[in-house]
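Undergrad: Have a look at this one before I ask anything.
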Amino acid sequence: MSDQDHFVEIRYAQKSYGSLEVLKDISLNVERGQIVAIIGPSGSGKSTLLRAINDLDPLTGGEVWLDGVQVNKSLPHRQYEKHINEMRQHVGMVFQHFNLFPHMTARENVTMAPMLLKRLSKAEADKLAEEQLDKVGMLDRIDYYPSRLSGGQKQRVAIARALAMEPKLMLFDEATSALDPELVDEVNLVMKKLAEEHMTMIIVTHEMDFAASVCDRVLFMDQGVVVEEGPPSVVFKNPTKERTREFLRKHLAGAA
Amino acid sequence: MDIDLMMRVYPFFLTAAWTTIQLSVLTALLGLSMGALGASARLSRFALLRFVGAAYVSLFRGTPALIQLFILYFGGPQIGIQLDAFEAGVIGLGINAGAYMTETIRGAIISIDKGQREAARTLGLSQWQATYKIVLPQAARLMVRPLGVNLNMLIKATALVAAISVVELTYTAQRYIGSTYKPFEMFLLAGVLYMIIIYATGRAVAWLDRRVQIT
Ligand SMILES: Nc1ncnc2c1ncn2[C@@H]1O[C@H](COP(=O)(O)OP(=O)(O)OP(=O)(O)O)[C@@H](O)[C@H]1O
Ligand SMILES: [Mg+2]
């Protein structure tokens, strides 16, 4: 039943809220180990597209495939829930506002899902939490509650939480947009590290420099369509579309 | 003020206060259960359940508790519900308190940022797992204070069951007024005992609220 050859494949994705068309027939393929950045003005549908990949915002049309399995296949409610919960275990997601669980320590944030869903013992889960929090440089804060962490630290714990489920795909929705400028680098560094480990990642970002330095491919979206896509060297340096040029002009000027 | 009289009758008032406490505890337990059910119904994904929950709340908050008690106790036998006064008091007040607690519990649940549930679902948790692992533990902490307010109201509302002759504080005060003609002393005595019960409860709620806050 799988006629698809790509690790992530989005076919003719459509999304509308009433009469508002947010995604208009978007298709996108991502290969294993690739890192794709999605850029574009506010309201262009970047988050909607990203969140469609794990069905957080279900599409109104089109298909999403991950590693040979259709994510948004039509099933009766109960079966669909079972299917989607299983799919989501393989897709890590990092949010702009971290969404750490405030009633749990950094350790508990990381161990909760593996213990509940993968039946890890407390000891196994603790070991996993130590590994993952060490990886993001948060081992020394392992027993802190989120309220006592800075934004950058929270985001690093949130990344560790996602990684603890051993995802094959990571989605980042403006992971550094809510951070004070001096805290952005520590999160970017963690993402670079993941890139070096060949984690497949789709990254929505407003940071052009970061996108240019880690991504294999950049997608420029505007008003629900992909206006231009290609390697960062082309999209950033020699964009072919006027809309892309205009966006970059504004954005790079704004950033400078 | 007839202090002497008050000293003589207060043991009877203590017994009555104990009845008030029992009424309050049972009513609170029933109210909490009804509140949990009511909130679940109001937040259900099934429209019919949502409707039932909303109807429950507006019916029992929209009519006087005294009328609800009268219907249950005096009207009940007509439709085959036979309850003694204490049972009718607990059930009537409990269902009434449940309507208020439904709104308290629902309010706490919907005030949890929806990013919390999203983050949980993204990890692969089911709707129910996200609810009991992530949303409810946070909502429960927010509920303590407002449920404390519900509890305060509920304790005061137990005075209503005097009207169906449950021998609790208010009824006892009225009865002693009948034989002593000293309403000031008798109501004062009842009032002081209510105040002690409510004050102690308030302290307990405040203590619990401090205990559950995240450090
Ligand atoms: N739940 C919703 N109901 C109605 N409209 C929505 C909803 N969610 C998003 N939209 C609309 O969909 C469009 C795309 O939103 P989206 O969040 O995907 O944009 P974005 O590219 O991520 O923007 P930003 O850079 O500001 O995060 C916007 O016009 C937004 O107002
Ligand atoms: Mg967005």
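Residues are referred to by chain and number: the chain letter is A, B, ... according to the order shown in the structure tokens, the number counts from 1 in that chain, and ligands are numbered separately from 1 in the order shown.
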Kindly provide, as a ChimeraX atom specification, all nucleotide and amino acid residues lying within 12 Å of ligand 2, counting only C-alpha atoms and all ligand atoms.

TA: /A:22,38-51,95-97,172-178,203-206,221

Undergrad: For chain B, list the residues within 12 Å of chain A, counting only C-alpha atoms, and write the list as a PyMOL selection string.

TA: chain B and resi 45+112-130+132-142+212-215

Undergrad: Please identify all polymer residues within 7 Å of stretch 180-189 of chain B, counting only C-alpha atoms, omitting same-chain residues fewer than 5 positions from it, and present them as a list of chain:residue names.

TA: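 Once the nearby chain positions are removed, what remains is B:Met1, B:Asp2, B:Met6, B:Ala173.
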
Undergrad: Next, write the just-selected residues to a file, as a tab-separated table (two decimals), in the first residue's frame, keeping N, CA and C atoms as the atom set.

TA:
```tsv
chain	number	residue	atom	x	y	z
B	1	MET	N	-27.80	39.53	78.89
B	1	MET	CA	-27.57	38.22	78.26
B	1	MET	C	-27.51	37.14	79.33
B	2	ASP	N	-28.24	36.08	79.10
B	2	ASP	CA	-28.37	35.01	80.09
B	2	ASP	C	-27.27	33.97	79.92
B	6	MET	N	-27.06	29.82	78.77
B	6	MET	CA	-26.20	29.36	77.68
B	6	MET	C	-25.31	28.22	78.17
B	173	ALA	N	-31.34	25.45	67.91
B	173	ALA	CA	-31.51	26.81	68.42
B	173	ALA	C	-32.99	27.18	68.44
```

Undergrad: Just checking: using only C-alpha atoms, which residue out of B:Tyr73, B:Phe86, B:Phe60, B:Phe13 ends up closest to B:Leu26?

TA: B:Phe86
